[in-house]
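*Asks:* Dumping the structure here so I can ask a few things about it.
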Amino acid sequence: MDERISREVGGDAVKQYMLIFSLGSVQTFIEQARKTRDLWLGSFLIAKLMEAAMQEVEQAQSEKPFVFPAKRTLNESYATLPHKYVAIFDRLADAQVAVEQSKRGMRKCWDTLRRDVWNRVIPKDYKNDETLKSIWDNQSDLDTCFEIFWVIVEGNADSYAVWLKHAEHALEARKRLKDFQFREEPGEKSTISGERQALHGQLNDRETIREQVKEFWRQLAKPSARSAKEISKDGSERLDAVDTIKRFASVSPIISLNAFPSTSSVATATFVERLLALEADQLDEWLKATNTDQLRDMPPGAIPFLERKAGKNRGILERDGDCFFKETFTARHIEKDHPEVSKPAKLADEGRYGLSELFKATDKELIRRPTPYYAIMKMDGDHMGDFLGKLHRRGHEKVSEKLSSFARGTVPELIEGEYPGRLVYAGGDDVLAFIPLARDLPEEERKKKGIIHTLLDLVYRLRLRFGEIKNEVLDISDPVTASVGIAIAHHYTPLSAVLRATREAEKLAKERYNRNALVVTIMRRSGEQTRVGCHWQYEGLEPVPLFLEFYDLFDLDILSPKCIFTLLEEAPTLVSLALDSEKDKQAAQASEIKRVLRRQRDEKKKGLLPDKTIELLAKRVVDLAAVMDKERTGEKSVYLHEDTLRYGLVEVLGWLLVMAFLTRKEQD
């Protein structure tokens, strides 16, 4: 018997029944992604299933039993629902019925999705192929794709915190008892999951299995309405049923989504922001060179921030970010992505010429050339279970409302409203987004108060706004904190590797830096990696504002980033100074930092960085390093390249190296 009902929490008061219902295997489903649209649609589908589950309960129940989440309908363009809900019922039977209603709602939604994708995507000649249909049915069944976990715990409102904690523990125990399903997956595997066999029709003995599977996918990708952004035209992408549903879910009427940008488009978003303000004749040659069906395949709404600014230059947004890199304009690249093009060499030559003319125009306007690097950011609330475990029911409901407001208001307002980023999901305390590194702002824009200039500005503001949730819950004194992981990578780096680095960064923020922290990993295309981390605050000192001051100095060419490389070389000596007191040691460190900064200052801009300011910056660097060292116990490294706990001075200098990278002046 599958026992999931726990009883008697809270004494003799009126008994009620708390149901926690959760969808499992979520992270694997979402993050098995080769393209950004896989990640985006995967997260949206999870939220859509949870919406369907809760709607089925609400339509059948006379009262609204939900405590969390506060809002149970989806946003139109990104996932806004968590993968579990909490509901309370007066009768055990009602809670048990709600479980079945939730399952039924999910199944109806999923079956509609997989039917729509089958009908609209599978080539007509294969619709009656029994081999294909068997693979599809076996792989895409709801119970095969997902694990559904639920518990019902008896309790009462007088002991709400204990009741909720008991229910959460029961759910975790249930998850550890995973249902093992053996599934044989022979033959050619999906190029995304690498686990399930790729879809294909009946096989013959005349050709290799791989060639026959590739032929199926060439046929699927053949329709002219299907772009290479959706699926590779040469059969190099071969997907299983689950990956196919994720990739093409937007063909279903129940998924009303606009386009999602590629990593190239995210990386170049800040360059495009500047292009939108140029005159049409400055863009003419590039626009003509990219005015083909193959290159104009990006819906303008992929990055909402840019669409709002587009105006007369809206046509720029129809080009993917690839069109700003000369590597795109080679005959080989065009033949691979667009085999239907009759003269790929001619299109490549025209593209390179158009791009060179565009850069002549932007160089004249002092617009920086596009960077090939972008970032993925993952944010997660710290100890949210413990925080909620101290609340009564009304407090829990109030926090649920605040988390919904944060996810649906604050997060998109900052990431998509005030910055050219793009959300994947925001399910309360959990956020995932694609973000360009830094905006190339004209001088008059930089002076505006409150402008978000870099990804570091952005995550800092998100963290501050998330902390404000506590202000509305008066019976809790503990702070509400969040940890953030960021991976910065080249737009050609496999998405799976960047997602893995993002998860690792967020995990390190929680474990190595003990939560309430930020970790950034730079994945250079050369293979070299830089990873740094810090708390948001140390004994009243806030690192991020200091780092951003250095960003401005590097960005405006007031201070050369060479100073950081010099200080990193000297760091082992500086942290090992044997002086009479810690105060003398810090004074010596500050003196050397001041000397190096003065030496690398542009003397023509001395008025913007006077000696007094340099002295203050050096002292702030040393003070921050000292409080970092005070907090860290155990062995520490004196080298930035050693990915472990480091001396505070090394960590701070590592952060300044990241600031130099964000200005795109550091050599890769």
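The chains in the structure tokens are called A, B, ... from first to last as shown; in each chain the residues are counted from 1, and the ligands are counted from 1 in the order shown.
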Excluding Ala87 of chain A and any residue of its chain fewer than 3 positions from it, enumerate the residues within 10 Å of it, using only C-alpha atoms, and give them as a VMD selection string.

*Replies:* chain A and resid 17 to 21 54 64 to 69 95 98 152

*Asks:* Which residues are close to segment 130-135 of chain A, i.e. within 9 Å by only C-alpha atoms, leaving aside same-chain residues fewer than 5 positions away? Reply as a PDB file with all heavy atoms, in the first residue's frame.

*Replies:*
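Produced file result07.pdb, reproduced below:
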```pdb
ATOM      1  N   SER A 140       6.114   9.415 -24.263  1.00  0.00           N
ATOM      2  CA  SER A 140       5.412  10.663 -23.921  1.00  0.00           C
ATOM      3  C   SER A 140       4.245  10.480 -22.960  1.00  0.00           C
ATOM      4  O   SER A 140       3.517  11.436 -22.685  1.00  0.00           O
ATOM      5  CB  SER A 140       4.905  11.339 -25.201  1.00  0.00           C
ATOM      6  OG  SER A 140       3.898  10.555 -25.834  1.00  0.00           O
ATOM      7  N   GLN A 197      15.660   6.869 -26.896  1.00  0.00           N
ATOM      8  CA  GLN A 197      15.959   6.737 -28.323  1.00  0.00           C
ATOM      9  C   GLN A 197      15.272   7.850 -29.108  1.00  0.00           C
ATOM     10  O   GLN A 197      14.174   8.297 -28.775  1.00  0.00           O
ATOM     11  CB  GLN A 197      15.540   5.367 -28.848  1.00  0.00           C
ATOM     12  CG  GLN A 197      14.057   5.065 -28.834  1.00  0.00           C
ATOM     13  CD  GLN A 197      13.749   3.738 -29.499  1.00  0.00           C
ATOM     14  OE1 GLN A 197      14.305   3.405 -30.549  1.00  0.00           O
ATOM     15  NE2 GLN A 197      12.871   2.964 -28.885  1.00  0.00           N
ATOM     16  N   ALA A 198      15.947   8.304 -30.152  1.00  0.00           N
ATOM     17  CA  ALA A 198      15.400   9.352 -31.010  1.00  0.00           C
ATOM     18  C   ALA A 198      14.236   8.803 -31.817  1.00  0.00           C
ATOM     19  O   ALA A 198      14.206   7.617 -32.170  1.00  0.00           O
ATOM     20  CB  ALA A 198      16.486   9.877 -31.944  1.00  0.00           C
ATOM     21  N   LEU A 199      13.284   9.664 -32.112  1.00  0.00           N
ATOM     22  CA  LEU A 199      12.141   9.255 -32.915  1.00  0.00           C
ATOM     23  C   LEU A 199      12.587   8.856 -34.319  1.00  0.00           C
ATOM     24  O   LEU A 199      13.457   9.504 -34.917  1.00  0.00           O
ATOM     25  CB  LEU A 199      11.135  10.403 -33.008  1.00  0.00           C
ATOM     26  CG  LEU A 199      10.437  10.834 -31.710  1.00  0.00           C
ATOM     27  CD1 LEU A 199       9.548  12.030 -31.968  1.00  0.00           C
ATOM     28  CD2 LEU A 199       9.628   9.691 -31.116  1.00  0.00           C
ATOM     29  N   HIS A 200      11.952   7.821 -34.845  1.00  0.00           N
ATOM     30  CA  HIS A 200      12.243   7.391 -36.211  1.00  0.00           C
ATOM     31  C   HIS A 200      11.135   6.450 -36.667  1.00  0.00           C
ATOM     32  O   HIS A 200      10.337   5.943 -35.857  1.00  0.00           O
ATOM     33  CB  HIS A 200      13.597   6.679 -36.302  1.00  0.00           C
ATOM     34  CG  HIS A 200      13.689   5.440 -35.452  1.00  0.00           C
ATOM     35  ND1 HIS A 200      13.159   4.224 -35.834  1.00  0.00           N
ATOM     36  CD2 HIS A 200      14.247   5.231 -34.231  1.00  0.00           C
ATOM     37  CE1 HIS A 200      13.392   3.329 -34.903  1.00  0.00           C
ATOM     38  NE2 HIS A 200      14.050   3.909 -33.907  1.00  0.00           N
ATOM     39  N   GLY A 201      11.083   6.225 -37.970  1.00  0.00           N
ATOM     40  CA  GLY A 201      10.103   5.291 -38.517  1.00  0.00           C
ATOM     41  C   GLY A 201      10.654   3.879 -38.563  1.00  0.00           C
ATOM     42  O   GLY A 201      11.699   3.576 -37.977  1.00  0.00           O
ATOM     43  N   GLN A 202       9.949   3.033 -39.264  1.00  0.00           N
ATOM     44  CA  GLN A 202      10.373   1.637 -39.404  1.00  0.00           C
ATOM     45  C   GLN A 202      11.721   1.570 -40.117  1.00  0.00           C
ATOM     46  O   GLN A 202      11.951   2.252 -41.120  1.00  0.00           O
ATOM     47  CB  GLN A 202       9.323   0.851 -40.183  1.00  0.00           C
ATOM     48  CG  GLN A 202       9.623  -0.639 -40.253  1.00  0.00           C
ATOM     49  CD  GLN A 202       8.485  -1.415 -40.876  1.00  0.00           C
ATOM     50  OE1 GLN A 202       7.460  -0.835 -41.213  1.00  0.00           O
ATOM     51  NE2 GLN A 202       8.663  -2.714 -41.047  1.00  0.00           N
ATOM     52  N   LEU A 203      12.627   0.740 -39.593  1.00  0.00           N
ATOM     53  CA  LEU A 203      13.984   0.657 -40.127  1.00  0.00           C
ATOM     54  C   LEU A 203      14.108  -0.464 -41.144  1.00  0.00           C
ATOM     55  O   LEU A 203      13.366  -1.449 -41.115  1.00  0.00           O
ATOM     56  CB  LEU A 203      14.973   0.420 -38.976  1.00  0.00           C
ATOM     57  CG  LEU A 203      14.979   1.481 -37.862  1.00  0.00           C
ATOM     58  CD1 LEU A 203      15.886   1.040 -36.724  1.00  0.00           C
ATOM     59  CD2 LEU A 203      15.413   2.835 -38.408  1.00  0.00           C
ATOM     60  N   ASP A 240      14.020  12.775 -28.939  1.00  0.00           N
ATOM     61  CA  ASP A 240      13.030  11.798 -28.496  1.00  0.00           C
ATOM     62  C   ASP A 240      11.674  12.489 -28.370  1.00  0.00           C
ATOM     63  O   ASP A 240      11.543  13.688 -28.635  1.00  0.00           O
ATOM     64  CB  ASP A 240      13.463  11.141 -27.179  1.00  0.00           C
ATOM     65  CG  ASP A 240      13.695  12.148 -26.067  1.00  0.00           C
ATOM     66  OD1 ASP A 240      12.824  13.012 -25.853  1.00  0.00           O
ATOM     67  OD2 ASP A 240      14.749  12.084 -25.401  1.00  0.00           O
ATOM     68  N   ALA A 241      10.649  11.757 -27.947  1.00  0.00           N
ATOM     69  CA  ALA A 241       9.297  12.316 -27.888  1.00  0.00           C
ATOM     70  C   ALA A 241       9.200  13.469 -26.897  1.00  0.00           C
ATOM     71  O   ALA A 241       8.575  14.498 -27.175  1.00  0.00           O
ATOM     72  CB  ALA A 241       8.298  11.216 -27.519  1.00  0.00           C
TER      73      ALA A 241
END
```

*Asks:* Identify, with DSSP run on backbone atoms, the residues in segment 374-552 of chain A assigned to strand (DSSP E or B), and express the list as number ranges by chain.

*Replies:* A: 374-381, 422-426, 430-435, 438, 454, 482-490, 517-523, 529-535, 538, 541

*Asks:* Kindly save the residues from that selection, with C-alpha atoms included, as a short mmCIF file (atom, residue, chain, number, x, y, z; two decimals), in the first residue's frame.

*Replies:*
```
data_model
loop_
_atom_site.label_atom_id
_atom_site.label_comp_id
_atom_site.auth_asym_id
_atom_site.auth_seq_id
_atom_site.Cartn_x
_atom_site.Cartn_y
_atom_site.Cartn_z
CA TYR A 374 26.19 36.51 -22.15
CA ALA A 375 25.07 35.36 -18.68
CA ILE A 376 22.58 32.99 -17.10
CA MET A 377 21.41 33.95 -13.61
CA LYS A 378 19.78 31.64 -11.07
CA MET A 379 18.39 32.97 -7.79
CA ASP A 380 16.95 30.97 -4.91
CA GLY A 381 15.64 32.03 -1.50
CA ARG A 422 14.77 37.61 -20.70
CA LEU A 423 13.08 35.55 -18.01
CA VAL A 424 12.81 31.77 -18.19
CA TYR A 425 10.90 31.37 -14.94
CA ALA A 426 10.10 33.19 -11.71
CA ASP A 430 13.19 30.87 -7.58
CA VAL A 431 14.32 32.82 -10.68
CA LEU A 432 16.18 31.87 -13.88
CA ALA A 433 17.02 34.40 -16.58
CA PHE A 434 19.28 35.16 -19.55
CA ILE A 435 21.10 38.47 -19.17
CA ALA A 438 26.40 45.40 -19.51
CA THR A 454 25.26 45.96 -15.62
CA ALA A 482 18.63 34.87 -1.33
CA SER A 483 21.64 33.30 -3.00
CA VAL A 484 22.48 33.89 -6.65
CA GLY A 485 24.65 31.98 -9.10
CA ILE A 486 25.73 33.49 -12.42
CA ALA A 487 27.59 31.83 -15.30
CA ILE A 488 29.08 34.03 -18.04
CA ALA A 489 29.85 32.15 -21.24
CA HIS A 490 30.58 32.51 -24.95
CA ALA A 517 25.72 35.25 -1.24
CA LEU A 518 26.56 35.72 -4.90
CA VAL A 519 28.91 33.57 -6.99
CA VAL A 520 29.96 34.41 -10.56
CA THR A 521 31.74 32.04 -12.93
CA ILE A 522 33.35 33.26 -16.16
CA MET A 523 33.74 30.46 -18.73
CA GLN A 529 37.74 29.85 -15.84
CA THR A 530 37.42 32.51 -13.15
CA ARG A 531 35.05 32.01 -10.23
CA VAL A 532 34.50 34.47 -7.39
CA GLY A 533 31.97 34.81 -4.60
CA CYS A 534 30.99 36.95 -1.64
CA HIS A 535 28.19 37.75 0.76
CA TYR A 538 29.84 42.08 5.76
CA LEU A 541 30.24 46.80 4.35
#
```

*Asks:* Neighbours of segment 102-107 of chain A within 8 Å (only C-alpha atoms; same-chain residues fewer than 3 positions away dropped), as a PDB file with all heavy atoms, in the first residue's frame?

*Replies:*
```
ATOM      1  N   LEU A  49       1.328  22.518 -16.402  1.00  0.00           N
ATOM      2  CA  LEU A  49       0.769  21.323 -15.784  1.00  0.00           C
ATOM      3  C   LEU A  49       0.285  21.608 -14.366  1.00  0.00           C
ATOM      4  O   LEU A  49      -0.784  21.124 -13.947  1.00  0.00           O
ATOM      5  CB  LEU A  49       1.805  20.200 -15.773  1.00  0.00           C
ATOM      6  CG  LEU A  49       2.178  19.603 -17.137  1.00  0.00           C
ATOM      7  CD1 LEU A  49       3.324  18.618 -16.988  1.00  0.00           C
ATOM      8  CD2 LEU A  49       0.977  18.927 -17.781  1.00  0.00           C
ATOM      9  N   MET A  50       1.068  22.409 -13.623  1.00  0.00           N
ATOM     10  CA  MET A  50       0.636  22.761 -12.269  1.00  0.00           C
ATOM     11  C   MET A  50      -0.608  23.644 -12.305  1.00  0.00           C
ATOM     12  O   MET A  50      -1.505  23.498 -11.466  1.00  0.00           O
ATOM     13  CB  MET A  50       1.773  23.471 -11.531  1.00  0.00           C
ATOM     14  CG  MET A  50       2.924  22.569 -11.134  1.00  0.00           C
ATOM     15  SD  MET A  50       2.445  21.132 -10.123  1.00  0.00           S
ATOM     16  CE  MET A  50       1.732  21.931  -8.690  1.00  0.00           C
ATOM     17  N   ALA A  52      -2.930  23.511 -14.572  1.00  0.00           N
ATOM     18  CA  ALA A  52      -4.033  22.609 -14.900  1.00  0.00           C
ATOM     19  C   ALA A  52      -4.456  21.800 -13.675  1.00  0.00           C
ATOM     20  O   ALA A  52      -5.656  21.566 -13.453  1.00  0.00           O
ATOM     21  CB  ALA A  52      -3.617  21.678 -16.035  1.00  0.00           C
ATOM     22  N   ALA A  53      -3.497  21.373 -12.881  1.00  0.00           N
ATOM     23  CA  ALA A  53      -3.813  20.601 -11.671  1.00  0.00           C
ATOM     24  C   ALA A  53      -4.639  21.426 -10.699  1.00  0.00           C
ATOM     25  O   ALA A  53      -5.650  20.953 -10.160  1.00  0.00           O
ATOM     26  CB  ALA A  53      -2.511  20.135 -11.005  1.00  0.00           C
ATOM     27  N   MET A  54      -4.216  22.667 -10.460  1.00  0.00           N
ATOM     28  CA  MET A  54      -4.924  23.508  -9.486  1.00  0.00           C
ATOM     29  C   MET A  54      -6.280  23.972 -10.016  1.00  0.00           C
ATOM     30  O   MET A  54      -7.247  24.089  -9.264  1.00  0.00           O
ATOM     31  CB  MET A  54      -4.035  24.696  -9.099  1.00  0.00           C
ATOM     32  CG  MET A  54      -2.828  24.280  -8.275  1.00  0.00           C
ATOM     33  SD  MET A  54      -1.826  25.664  -7.674  1.00  0.00           S
ATOM     34  CE  MET A  54      -0.983  26.161  -9.184  1.00  0.00           C
ATOM     35  N   GLN A  55      -6.361  24.237 -11.311  1.00  0.00           N
ATOM     36  CA  GLN A  55      -7.642  24.646 -11.888  1.00  0.00           C
ATOM     37  C   GLN A  55      -8.682  23.539 -11.765  1.00  0.00           C
ATOM     38  O   GLN A  55      -9.855  23.803 -11.488  1.00  0.00           O
ATOM     39  CB  GLN A  55      -7.462  25.028 -13.359  1.00  0.00           C
ATOM     40  CG  GLN A  55      -6.856  26.397 -13.570  1.00  0.00           C
ATOM     41  CD  GLN A  55      -6.727  26.761 -15.033  1.00  0.00           C
ATOM     42  OE1 GLN A  55      -6.828  25.904 -15.911  1.00  0.00           O
ATOM     43  NE2 GLN A  55      -6.499  28.030 -15.306  1.00  0.00           N
ATOM     44  N   GLU A  56      -8.253  22.302 -11.945  1.00  0.00           N
ATOM     45  CA  GLU A  56      -9.175  21.174 -11.830  1.00  0.00           C
ATOM     46  C   GLU A  56      -9.750  21.091 -10.415  1.00  0.00           C
ATOM     47  O   GLU A  56     -10.932  20.807 -10.220  1.00  0.00           O
ATOM     48  CB  GLU A  56      -8.447  19.874 -12.185  1.00  0.00           C
ATOM     49  CG  GLU A  56      -9.341  18.685 -12.387  1.00  0.00           C
ATOM     50  CD  GLU A  56     -10.023  18.659 -13.749  1.00  0.00           C
ATOM     51  OE1 GLU A  56      -9.666  19.490 -14.622  1.00  0.00           O
ATOM     52  OE2 GLU A  56     -10.909  17.806 -13.935  1.00  0.00           O
ATOM     53  N   VAL A  57      -8.898  21.362  -9.412  1.00  0.00           N
ATOM     54  CA  VAL A  57      -9.353  21.347  -8.016  1.00  0.00           C
ATOM     55  C   VAL A  57     -10.307  22.513  -7.756  1.00  0.00           C
ATOM     56  O   VAL A  57     -11.378  22.344  -7.162  1.00  0.00           O
ATOM     57  CB  VAL A  57      -8.149  21.408  -7.053  1.00  0.00           C
ATOM     58  CG1 VAL A  57      -8.622  21.529  -5.603  1.00  0.00           C
ATOM     59  CG2 VAL A  57      -7.273  20.173  -7.216  1.00  0.00           C
ATOM     60  N   ALA A  98      -8.972  15.707  -4.158  1.00  0.00           N
ATOM     61  CA  ALA A  98      -8.161  16.756  -4.793  1.00  0.00           C
ATOM     62  C   ALA A  98      -6.920  16.177  -5.456  1.00  0.00           C
ATOM     63  O   ALA A  98      -6.465  16.667  -6.500  1.00  0.00           O
ATOM     64  CB  ALA A  98      -7.760  17.815  -3.768  1.00  0.00           C
ATOM     65  N   VAL A  99      -6.359  15.129  -4.854  1.00  0.00           N
ATOM     66  CA  VAL A  99      -5.199  14.464  -5.467  1.00  0.00           C
ATOM     67  C   VAL A  99      -5.577  13.925  -6.840  1.00  0.00           C
ATOM     68  O   VAL A  99      -4.866  14.140  -7.841  1.00  0.00           O
ATOM     69  CB  VAL A  99      -4.678  13.327  -4.568  1.00  0.00           C
ATOM     70  CG1 VAL A  99      -3.623  12.504  -5.307  1.00  0.00           C
ATOM     71  CG2 VAL A  99      -4.099  13.881  -3.276  1.00  0.00           C
ATOM     72  N   TRP A 110      -1.483  17.553 -20.559  1.00  0.00           N
ATOM     73  CA  TRP A 110      -0.342  16.921 -21.218  1.00  0.00           C
ATOM     74  C   TRP A 110      -0.776  16.166 -22.473  1.00  0.00           C
ATOM     75  O   TRP A 110      -0.109  16.241 -23.512  1.00  0.00           O
ATOM     76  CB  TRP A 110       0.366  15.991 -20.250  1.00  0.00           C
ATOM     77  CG  TRP A 110       1.568  15.320 -20.821  1.00  0.00           C
ATOM     78  CD1 TRP A 110       1.703  14.013 -21.163  1.00  0.00           C
ATOM     79  CD2 TRP A 110       2.829  15.933 -21.133  1.00  0.00           C
ATOM     80  NE1 TRP A 110       2.965  13.758 -21.658  1.00  0.00           N
ATOM     81  CE2 TRP A 110       3.682  14.923 -21.656  1.00  0.00           C
ATOM     82  CE3 TRP A 110       3.324  17.232 -21.025  1.00  0.00           C
ATOM     83  CZ2 TRP A 110       4.980  15.175 -22.057  1.00  0.00           C
ATOM     84  CZ3 TRP A 110       4.626  17.484 -21.422  1.00  0.00           C
ATOM     85  CH2 TRP A 110       5.440  16.475 -21.930  1.00  0.00           C
ATOM     86  N   ASP A 111      -1.902  15.459 -22.391  1.00  0.00           N
ATOM     87  CA  ASP A 111      -2.369  14.703 -23.552  1.00  0.00           C
ATOM     88  C   ASP A 111      -2.746  15.635 -24.700  1.00  0.00           C
ATOM     89  O   ASP A 111      -2.537  15.303 -25.881  1.00  0.00           O
ATOM     90  CB  ASP A 111      -3.564  13.824 -23.170  1.00  0.00           C
ATOM     91  CG  ASP A 111      -3.150  12.604 -22.366  1.00  0.00           C
ATOM     92  OD1 ASP A 111      -1.930  12.321 -22.308  1.00  0.00           O
ATOM     93  OD2 ASP A 111      -4.035  11.933 -21.784  1.00  0.00           O
ATOM     94  N   LEU A 142       2.378  10.545 -19.555  1.00  0.00           N
ATOM     95  CA  LEU A 142       2.612  11.426 -18.404  1.00  0.00           C
ATOM     96  C   LEU A 142       3.356  10.705 -17.292  1.00  0.00           C
ATOM     97  O   LEU A 142       4.304  11.253 -16.705  1.00  0.00           O
ATOM     98  CB  LEU A 142       1.275  11.957 -17.874  1.00  0.00           C
ATOM     99  CG  LEU A 142       1.377  12.897 -16.659  1.00  0.00           C
ATOM    100  CD1 LEU A 142       1.964  14.243 -17.066  1.00  0.00           C
ATOM    101  CD2 LEU A 142       0.019  13.099 -16.001  1.00  0.00           C
TER     102      LEU A 142
END
```

*Asks:* Using only C-alpha atoms, which residues sit within 7 Å of segment 27-43 of chain A once same-chain residues fewer than 6 positions away are excluded, as a list in words?

*Replies:*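 The contact residues come out as Ala79, Ile192, Ser193, Lys246, Arg247, Ala249, Phe260, Ser262, Thr263, Val424, Tyr425, Leu495 and Ser496 of chain A.
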
*Asks:* Within 8 Å of segment 310-327 of chain A, counting only C-alpha atoms, which residues show up once you throw out same-chain ones fewer than 2 positions away? Write them as JSON, numbers by chain, please.

*Replies:* {"A": [261, 262, 263, 264, 265, 266, 267, 268, 269, 272, 276, 277, 280, 287, 290, 295, 296, 297, 298, 299, 300, 301, 306, 307, 308, 329, 330, 333, 351, 352, 355, 370]}

*Asks:* Measuring atom to atom with only C-alpha atoms, identify which of A:Thr644, A:Thr208, A:Ser405, A:Thr362 is nearest to Leu508 of chain A.

*Replies:*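 When distances to Leu508 of chain A are compared using only C-alpha atoms, the smallest one comes from A:Thr644.
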